[in-house]
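Source file: query08.cif (mmCIF, C-alpha atoms and all ligand atoms; chains and numbers go by the auth columns)
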data_upload
#
loop_
_atom_site.group_PDB
_atom_site.id
_atom_site.type_symbol
_atom_site.label_atom_id
_atom_site.label_comp_id
_atom_site.label_asym_id
_atom_site.label_seq_id
_atom_site.Cartn_x
_atom_site.Cartn_y
_atom_site.Cartn_z
_atom_site.B_iso_or_equiv
_atom_site.auth_seq_id
_atom_site.auth_asym_id
ATOM 1 C CA MET A 1 97.481 107.149 103.507 0.00 1 A
ATOM 2 C CA ILE A 2 98.305 106.547 99.893 0.00 2 A
ATOM 3 C CA GLU A 3 97.048 108.965 97.280 0.00 3 A
ATOM 4 C CA ILE A 4 96.924 108.019 93.596 0.00 4 A
ATOM 5 C CA ARG A 5 97.074 110.974 91.203 0.00 5 A
ATOM 6 C CA LYS A 6 98.324 112.083 87.811 0.00 6 A
ATOM 7 C CA GLU A 7 102.046 112.724 87.673 0.00 7 A
ATOM 8 C CA THR A 8 103.231 116.304 87.285 0.00 8 A
ATOM 9 C CA PRO A 9 106.634 117.564 86.066 0.00 9 A
ATOM 10 C CA ASP A 10 107.685 117.955 89.714 0.00 10 A
ATOM 11 C CA ASP A 11 107.364 114.163 90.080 0.00 11 A
ATOM 12 C CA PHE A 12 109.689 113.270 87.192 0.00 12 A
ATOM 13 C CA PRO A 13 112.891 112.764 89.258 0.00 13 A
ATOM 14 C CA ALA A 14 111.031 110.713 91.877 0.00 14 A
ATOM 15 C CA VAL A 15 109.379 108.575 89.186 0.00 15 A
ATOM 16 C CA ARG A 16 112.815 107.877 87.755 0.00 16 A
ATOM 17 C CA TYR A 17 114.053 106.843 91.192 0.00 17 A
ATOM 18 C CA VAL A 18 111.079 104.521 91.836 0.00 18 A
ATOM 19 C CA ASN A 19 111.577 102.774 88.483 0.00 19 A
ATOM 20 C CA GLU A 20 115.309 102.369 89.057 0.00 20 A
ATOM 21 C CA GLN A 21 114.795 100.919 92.512 0.00 21 A
ATOM 22 C CA ALA A 22 111.947 98.589 91.545 0.00 22 A
ATOM 23 C CA PHE A 23 113.661 97.206 88.437 0.00 23 A
ATOM 24 C CA GLY A 24 117.250 97.423 89.646 0.00 24 A
ATOM 25 C CA GLY A 25 118.432 99.282 86.550 0.00 25 A
ATOM 26 C CA SER A 26 117.763 102.294 84.361 0.00 26 A
ATOM 27 C CA VAL A 27 116.017 100.755 81.321 0.00 27 A
ATOM 28 C CA GLU A 28 112.452 101.282 82.526 0.00 28 A
ATOM 29 C CA ALA A 29 113.245 104.758 83.883 0.00 29 A
ATOM 30 C CA ASP A 30 114.690 105.690 80.480 0.00 30 A
ATOM 31 C CA LEU A 31 111.669 104.218 78.732 0.00 31 A
ATOM 32 C CA VAL A 32 109.297 106.350 80.828 0.00 32 A
ATOM 33 C CA GLU A 33 111.223 109.464 79.849 0.00 33 A
ATOM 34 C CA MET A 34 111.309 108.516 76.158 0.00 34 A
ATOM 35 C CA LEU A 35 107.559 107.886 76.117 0.00 35 A
ATOM 36 C CA ARG A 36 106.864 111.179 77.863 0.00 36 A
ATOM 37 C CA ALA A 37 109.093 113.069 75.422 0.00 37 A
ATOM 38 C CA ALA A 38 107.158 111.519 72.535 0.00 38 A
ATOM 39 C CA ASN A 39 103.807 112.451 74.127 0.00 39 A
ATOM 40 C CA LYS A 40 102.940 108.785 74.434 0.00 40 A
ATOM 41 C CA ALA A 41 102.497 108.623 78.200 0.00 41 A
ATOM 42 C CA VAL A 42 98.725 108.851 77.799 0.00 42 A
ATOM 43 C CA VAL A 43 98.088 107.844 81.412 0.00 43 A
ATOM 44 C CA SER A 44 100.876 108.243 83.958 0.00 44 A
ATOM 45 C CA LEU A 45 99.901 108.028 87.612 0.00 45 A
ATOM 46 C CA VAL A 46 101.875 108.161 90.831 0.00 46 A
ATOM 47 C CA ALA A 47 101.201 106.716 94.268 0.00 47 A
ATOM 48 C CA VAL A 48 102.140 109.225 96.949 0.00 48 A
ATOM 49 C CA GLU A 49 102.597 108.642 100.655 0.00 49 A
ATOM 50 C CA GLN A 50 103.212 111.669 102.858 0.00 50 A
ATOM 51 C CA GLY A 51 104.427 113.659 99.900 0.00 51 A
ATOM 52 C CA ARG A 52 106.784 110.935 98.691 0.00 52 A
ATOM 53 C CA VAL A 53 106.313 109.138 95.366 0.00 53 A
ATOM 54 C CA VAL A 54 106.379 105.400 96.116 0.00 54 A
ATOM 55 C CA GLY A 55 104.772 103.959 92.988 0.00 55 A
ATOM 56 C CA HIS A 56 104.184 104.683 89.319 0.00 56 A
ATOM 57 C CA ILE A 57 102.202 103.274 86.397 0.00 57 A
ATOM 58 C CA LEU A 58 102.204 104.233 82.734 0.00 58 A
ATOM 59 C CA PHE A 59 99.998 103.400 79.745 0.00 59 A
ATOM 60 C CA SER A 60 101.034 104.105 76.145 0.00 60 A
ATOM 61 C CA PRO A 61 99.334 103.550 72.765 0.00 61 A
ATOM 62 C CA ILE A 62 99.608 100.213 70.963 0.00 62 A
ATOM 63 C CA THR A 63 98.716 99.099 67.474 0.00 63 A
ATOM 64 C CA VAL A 64 96.987 95.863 66.479 0.00 64 A
ATOM 65 C CA ALA A 65 97.555 94.327 63.035 0.00 65 A
ATOM 66 C CA GLU A 66 93.884 93.799 62.268 0.00 66 A
ATOM 67 C CA ALA A 67 91.586 96.289 63.928 0.00 67 A
ATOM 68 C CA PRO A 68 88.836 98.703 62.960 0.00 68 A
ATOM 69 C CA GLN A 69 90.198 102.103 61.992 0.00 69 A
ATOM 70 C CA ASN A 70 88.801 103.743 65.111 0.00 70 A
ATOM 71 C CA PHE A 71 90.275 101.157 67.496 0.00 71 A
ATOM 72 C CA ARG A 72 92.367 102.720 70.272 0.00 72 A
ATOM 73 C CA GLY A 73 94.390 100.470 72.528 0.00 73 A
ATOM 74 C CA VAL A 74 97.004 100.995 75.202 0.00 74 A
ATOM 75 C CA GLY A 75 99.697 98.919 76.858 0.00 75 A
ATOM 76 C CA LEU A 76 100.302 98.918 80.603 0.00 76 A
ATOM 77 C CA ALA A 77 104.067 99.304 81.175 0.00 77 A
ATOM 78 C CA PRO A 78 106.093 99.924 83.069 0.00 78 A
ATOM 79 C CA MET A 79 104.707 99.779 86.572 0.00 79 A
ATOM 80 C CA SER A 80 106.795 100.005 89.709 0.00 80 A
ATOM 81 C CA VAL A 81 106.495 100.225 93.475 0.00 81 A
ATOM 82 C CA LEU A 82 109.460 101.026 95.710 0.00 82 A
ATOM 83 C CA PRO A 83 110.778 97.763 97.207 0.00 83 A
ATOM 84 C CA GLY A 84 110.001 98.806 100.788 0.00 84 A
ATOM 85 C CA PHE A 85 106.384 99.517 99.822 0.00 85 A
ATOM 86 C CA GLN A 86 105.551 96.383 97.828 0.00 86 A
ATOM 87 C CA ASN A 87 102.867 93.869 98.785 0.00 87 A
ATOM 88 C CA LYS A 88 100.704 96.480 100.498 0.00 88 A
ATOM 89 C CA GLY A 89 98.186 96.889 97.695 0.00 89 A
ATOM 90 C CA ILE A 90 99.735 100.005 96.152 0.00 90 A
ATOM 91 C CA GLY A 91 100.324 98.301 92.800 0.00 91 A
ATOM 92 C CA SER A 92 96.718 97.109 92.745 0.00 92 A
ATOM 93 C CA ARG A 93 95.426 100.623 93.321 0.00 93 A
ATOM 94 C CA LEU A 94 97.651 101.951 90.541 0.00 94 A
ATOM 95 C CA VAL A 95 96.321 99.306 88.133 0.00 95 A
ATOM 96 C CA ARG A 96 92.669 99.893 89.053 0.00 96 A
ATOM 97 C CA GLU A 97 92.856 103.677 88.889 0.00 97 A
ATOM 98 C CA GLY A 98 94.946 103.468 85.722 0.00 98 A
ATOM 99 C CA LEU A 99 92.327 101.314 84.027 0.00 99 A
ATOM 100 C CA GLU A 100 89.603 103.764 85.081 0.00 100 A
ATOM 101 C CA ALA A 101 91.609 106.651 83.611 0.00 101 A
ATOM 102 C CA CYS A 102 92.034 104.746 80.321 0.00 102 A
ATOM 103 C CA LYS A 103 88.308 104.076 80.236 0.00 103 A
ATOM 104 C CA ARG A 104 87.534 107.748 80.821 0.00 104 A
ATOM 105 C CA LEU A 105 89.822 108.597 77.901 0.00 105 A
ATOM 106 C CA ARG A 106 87.757 106.145 75.822 0.00 106 A
ATOM 107 C CA TYR A 107 90.463 103.620 75.100 0.00 107 A
ATOM 108 C CA ASP A 108 88.986 100.338 73.901 0.00 108 A
ATOM 109 C CA ALA A 109 91.400 97.758 75.303 0.00 109 A
ATOM 110 C CA VAL A 110 94.559 97.332 77.378 0.00 110 A
ATOM 111 C CA VAL A 111 97.360 94.792 77.044 0.00 111 A
ATOM 112 C CA VAL A 112 100.008 93.856 79.573 0.00 112 A
ATOM 113 C CA LEU A 113 103.015 91.568 79.570 0.00 113 A
ATOM 114 C CA GLY A 114 103.526 90.551 83.164 0.00 114 A
ATOM 115 C CA HIS A 115 103.083 88.216 86.077 0.00 115 A
ATOM 116 C CA ILE A 116 100.373 85.701 85.282 0.00 116 A
ATOM 117 C CA GLU A 117 99.252 85.369 88.905 0.00 117 A
ATOM 118 C CA TYR A 118 98.871 89.115 89.270 0.00 118 A
ATOM 119 C CA TYR A 119 96.979 90.701 86.383 0.00 119 A
ATOM 120 C CA PRO A 120 93.978 88.346 85.998 0.00 120 A
ATOM 121 C CA ARG A 121 92.543 89.742 89.259 0.00 121 A
ATOM 122 C CA PHE A 122 91.978 93.043 87.482 0.00 122 A
ATOM 123 C CA GLY A 123 90.177 91.427 84.553 0.00 123 A
ATOM 124 C CA PHE A 124 93.054 90.568 82.225 0.00 124 A
ATOM 125 C CA SER A 125 93.084 87.228 80.421 0.00 125 A
ATOM 126 C CA ARG A 126 95.363 85.432 77.998 0.00 126 A
ATOM 127 C CA ALA A 127 95.678 87.445 74.804 0.00 127 A
ATOM 128 C CA LYS A 128 96.295 84.396 72.661 0.00 128 A
ATOM 129 C CA ASP A 129 92.743 83.233 73.446 0.00 129 A
ATOM 130 C CA TYR A 130 91.687 86.317 71.455 0.00 130 A
ATOM 131 C CA ARG A 131 94.114 85.555 68.601 0.00 131 A
ATOM 132 C CA LEU A 132 96.432 88.357 69.658 0.00 132 A
ATOM 133 C CA ASP A 133 100.195 87.920 69.282 0.00 133 A
ATOM 134 C CA ASN A 134 103.093 89.874 70.738 0.00 134 A
ATOM 135 C CA GLU A 135 106.593 90.827 69.664 0.00 135 A
ATOM 136 C CA TYR A 136 108.318 89.119 72.584 0.00 136 A
ATOM 137 C CA GLU A 137 107.321 85.470 72.176 0.00 137 A
ATOM 138 C CA ALA A 138 105.471 85.630 75.476 0.00 138 A
ATOM 139 C CA LEU A 139 102.777 83.013 75.895 0.00 139 A
ATOM 140 C CA ASP A 140 100.519 83.200 78.949 0.00 140 A
ATOM 141 C CA ALA A 141 102.235 86.339 80.244 0.00 141 A
ATOM 142 C CA PHE A 142 100.773 88.444 77.440 0.00 142 A
ATOM 143 C CA MET A 143 97.291 89.466 78.548 0.00 143 A
ATOM 144 C CA VAL A 144 94.463 91.664 77.372 0.00 144 A
ATOM 145 C CA MET A 145 91.400 93.308 78.844 0.00 145 A
ATOM 146 C CA GLU A 146 88.635 95.108 77.025 0.00 146 A
ATOM 147 C CA LEU A 147 87.426 98.478 78.253 0.00 147 A
ATOM 148 C CA LYS A 148 84.622 98.642 75.705 0.00 148 A
ATOM 149 C CA GLU A 149 82.322 95.668 75.577 0.00 149 A
ATOM 150 C CA GLY A 150 82.776 93.392 72.586 0.00 150 A
ATOM 151 C CA VAL A 151 85.898 95.078 71.235 0.00 151 A
ATOM 152 C CA LEU A 152 88.050 91.953 71.526 0.00 152 A
ATOM 153 C CA GLN A 153 85.879 90.283 68.902 0.00 153 A
ATOM 154 C CA THR A 154 86.907 92.978 66.410 0.00 154 A
ATOM 155 C CA ILE A 155 90.724 92.816 66.655 0.00 155 A
ATOM 156 C CA ARG A 156 93.372 90.175 65.969 0.00 156 A
ATOM 157 C CA GLY A 157 96.998 89.659 65.052 0.00 157 A
ATOM 158 C CA LEU A 158 100.241 91.230 66.147 0.00 158 A
ATOM 159 C CA VAL A 159 100.119 93.814 68.918 0.00 159 A
ATOM 160 C CA ARG A 160 102.929 96.341 68.844 0.00 160 A
ATOM 161 C CA TYR A 161 103.969 98.615 71.654 0.00 161 A
ATOM 162 C CA ALA A 162 105.322 102.090 70.873 0.00 162 A
ATOM 163 C CA PRO A 163 108.721 101.929 69.075 0.00 163 A
ATOM 164 C CA GLU A 164 110.394 103.364 72.192 0.00 164 A
ATOM 165 C CA PHE A 165 110.040 99.920 73.793 0.00 165 A
ATOM 166 C CA ASN A 166 112.430 98.487 71.214 0.00 166 A
ATOM 167 C CA GLU A 167 114.662 101.546 71.060 0.00 167 A
ATOM 168 C CA VAL A 168 115.347 101.885 74.781 0.00 168 A
ATOM 169 C CA GLY A 169 118.750 100.637 75.845 0.00 169 A
ATOM 170 C CA GLN A 170 120.145 100.898 72.302 0.00 170 A
ATOM 171 C CA GLU A 171 122.616 103.586 71.395 0.00 171 A
HETATM 172 C C1 LIG B . 104.816 94.252 90.443 0.00 1 B
HETATM 173 C C2 LIG B . 104.676 95.404 91.434 0.00 1 B
HETATM 174 C C3 LIG B . 104.461 96.726 90.701 0.00 1 B
HETATM 175 C C4 LIG B . 103.462 95.111 92.321 0.00 1 B
HETATM 176 O O1 LIG B . 103.287 96.181 93.222 0.00 1 B
HETATM 177 P P1 LIG B . 102.759 95.912 94.705 0.00 1 B
HETATM 178 O O2 LIG B . 102.396 97.213 95.306 0.00 1 B
HETATM 179 O O3 LIG B . 103.708 95.047 95.433 0.00 1 B
HETATM 180 O O4 LIG B . 101.429 95.078 94.357 0.00 1 B
HETATM 181 P P2 LIG B . 100.243 94.650 95.296 0.00 1 B
HETATM 182 O O5 LIG B . 100.599 94.881 96.735 0.00 1 B
HETATM 183 O O6 LIG B . 99.002 95.230 94.774 0.00 1 B
HETATM 184 O O7 LIG B . 100.164 93.102 94.984 0.00 1 B
HETATM 185 C C5 LIG B . 101.187 92.263 95.379 0.00 1 B
HETATM 186 C C6 LIG B . 100.998 90.973 94.614 0.00 1 B
HETATM 187 O O8 LIG B . 101.872 91.000 93.469 0.00 1 B
HETATM 188 C C7 LIG B . 102.582 89.810 93.416 0.00 1 B
HETATM 189 N N1 LIG B . 103.890 89.996 92.778 0.00 1 B
HETATM 190 C C8 LIG B . 104.774 90.981 92.943 0.00 1 B
HETATM 191 N N2 LIG B . 105.884 90.738 92.220 0.00 1 B
HETATM 192 C C9 LIG B . 105.683 89.567 91.603 0.00 1 B
HETATM 193 C C10 LIG B . 106.470 88.762 90.752 0.00 1 B
HETATM 194 N N3 LIG B . 107.712 89.128 90.400 0.00 1 B
HETATM 195 N N4 LIG B . 105.918 87.620 90.283 0.00 1 B
HETATM 196 C C11 LIG B . 104.671 87.233 90.652 0.00 1 B
HETATM 197 N N5 LIG B . 103.892 87.946 91.469 0.00 1 B
HETATM 198 C C12 LIG B . 104.399 89.096 91.950 0.00 1 B
HETATM 199 C C13 LIG B . 102.761 89.463 94.873 0.00 1 B
HETATM 200 O O9 LIG B . 103.043 88.101 95.028 0.00 1 B
HETATM 201 C C14 LIG B . 101.388 89.795 95.457 0.00 1 B
HETATM 202 O O10 LIG B . 100.477 88.757 95.202 0.00 1 B
HETATM 203 P P3 LIG B . 99.282 88.375 96.217 0.00 1 B
HETATM 204 O O11 LIG B . 98.414 89.597 96.288 0.00 1 B
HETATM 205 O O12 LIG B . 98.617 87.233 95.562 0.00 1 B
HETATM 206 O O13 LIG B . 99.954 88.086 97.517 0.00 1 B
HETATM 207 C C15 LIG B . 105.931 95.523 92.342 0.00 1 B
HETATM 208 O O14 LIG B . 106.144 94.280 92.951 0.00 1 B
HETATM 209 C C16 LIG B . 107.193 95.903 91.576 0.00 1 B
HETATM 210 O O15 LIG B . 107.469 97.097 91.427 0.00 1 B
HETATM 211 N N6 LIG B . 107.971 94.932 91.141 0.00 1 B
HETATM 212 C C17 LIG B . 109.227 95.177 90.454 0.00 1 B
HETATM 213 C C18 LIG B . 108.985 95.749 89.081 0.00 1 B
HETATM 214 C C19 LIG B . 108.046 94.888 88.246 0.00 1 B
HETATM 215 O O16 LIG B . 108.212 93.693 88.145 0.00 1 B
HETATM 216 N N7 LIG B . 107.065 95.572 87.621 0.00 1 B
HETATM 217 C C20 LIG B . 106.009 94.910 86.872 0.00 1 B
HETATM 218 C C21 LIG B . 106.411 94.671 85.465 0.00 1 B
HETATM 219 S S1 LIG B . 105.031 93.864 84.673 0.00 1 B
#
Let's see the structure in the file written out as structure tokens.
Ligand SMILES: CC(C)(COP(=O)(O)OP(=O)(O)OC[C@H]1O[C@@H](n2cnc3c(N)ncnc32)[C@H](O)[C@@H]1OP(=O)(O)O)[C@@H](O)C(=O)NCCC(=O)NCCS
Amino acid sequence: MIEIRKETPDDFPAVRYVNEQAFGGSVEADLVEMLRAANKAVVSLVAVEQGRVVGHILFSPITVAEAPQNFRGVGLAPMSVLPGFQNKGIGSRLVREGLEACKRLRYDAVVVLGHIEYYPRFGFSRAKDYRLDNEYEALDAFMVMELKEGVLQTIRGLVRYAPEFNEVGQE
């Protein structure tokens, strides 16, 4: 049985391990720790099986070039499931419960840069159809989903992730 819950400080080493294993390197694990240290891990959930952390998802604040002053958006990244536990629906549960948590915290919209066959099933669609650009020259892989009805009509332009995304991996 898989349980999805908020991460606690006791989970931090296991979350690092899951990110390292899923991505095959330390960049995403470092990014998670930098975002946490900056209080930008606004939603950070773990998937736990028999006491072992096997998956993780994080959401952090984004900015949008043209948006109402009270607009609050988040970016989904990174997300990871231990290789031996992939393709069992754990990632899907992390996304769904993560989106619910963002909604409860009254975020207006979520962006993701990821697999184009994967995220549309949760309600994401191409961000460029909403006149939203990204810093990474991604085309179809940059997607958006509104959590508050109508909000995508009120924003446009360049979406920026937290600066930690550009700082990670640099000295
Ligand atoms: C992406 C990831 C988190 C999905 O977790 P998961 O528990 O395997 O996800 P689910 O079981 O809910 O869904 C599996 C689906 O994801 C798809 N998927 C996984 N990795 C994929 C990839 N690299 N490209 C395209 N689709 C991928 C699978 O094909 C499968 O699709 P299907 O349901 O149509 O068969 C996991 O594969 C992972 O950790 N990958 C390595 C790290 C990574 O790429 N993170 C995402 C960055 S955006």
Item to complete: Pull out every residue that the PyMOL selection byres (((chain A and resi 29) around 9) and not hetatm) matches in the shown coordinates and put them as a PyMOL selection string.
Response: chain A and resi 15-20+23+25-28+30-34+78
Practice prompt. To verify the selection step, state as a PyMOL selection string which residues the PyMOL selection byres (((not hetatm)) within 9 of (chain B and resi 1)) yields on this input.
Written response: chain A and resi 18-19+21-24+55-57+76-83+85-95+112-119
Worksheet item: Do you know which residues are at most 6 Å from Ala127 in chain A counting all atoms listed in the file, after dropping those on the same chain fewer than 4 positions away, and could you put them as an MDAnalysis selection string?
Response: chainID A and resid 132 142:144
Practice prompt. Tell me, in Å to one decimal, how far CA of Glu164 in chain A is from CA of Asn134 in chain A.
Written response: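 If I compute the distance from CA of Glu164 in chain A to CA of Asn134 in chain A, I get 15.4 Å.
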Return the padded bounding box of range 148-166 of chain A as lines of an AutoDock Vina configuration file: axis-aligned, built from all atoms listed in the file, 6 Å added on each side, with centre and edge lengths in Å to one decimal.
center_x = 97.4
center_y = 96.5
center_z = 70.4
size_x = 42.1
size_y = 25.7
size_z = 22.7
Discussion item. Would you compute the distance between CA of Gln50 in chain A and CA of Glu3 in chain A? Give it in Å to one decimal.
Written reply: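 These two atoms are separated by 8.7 Å.
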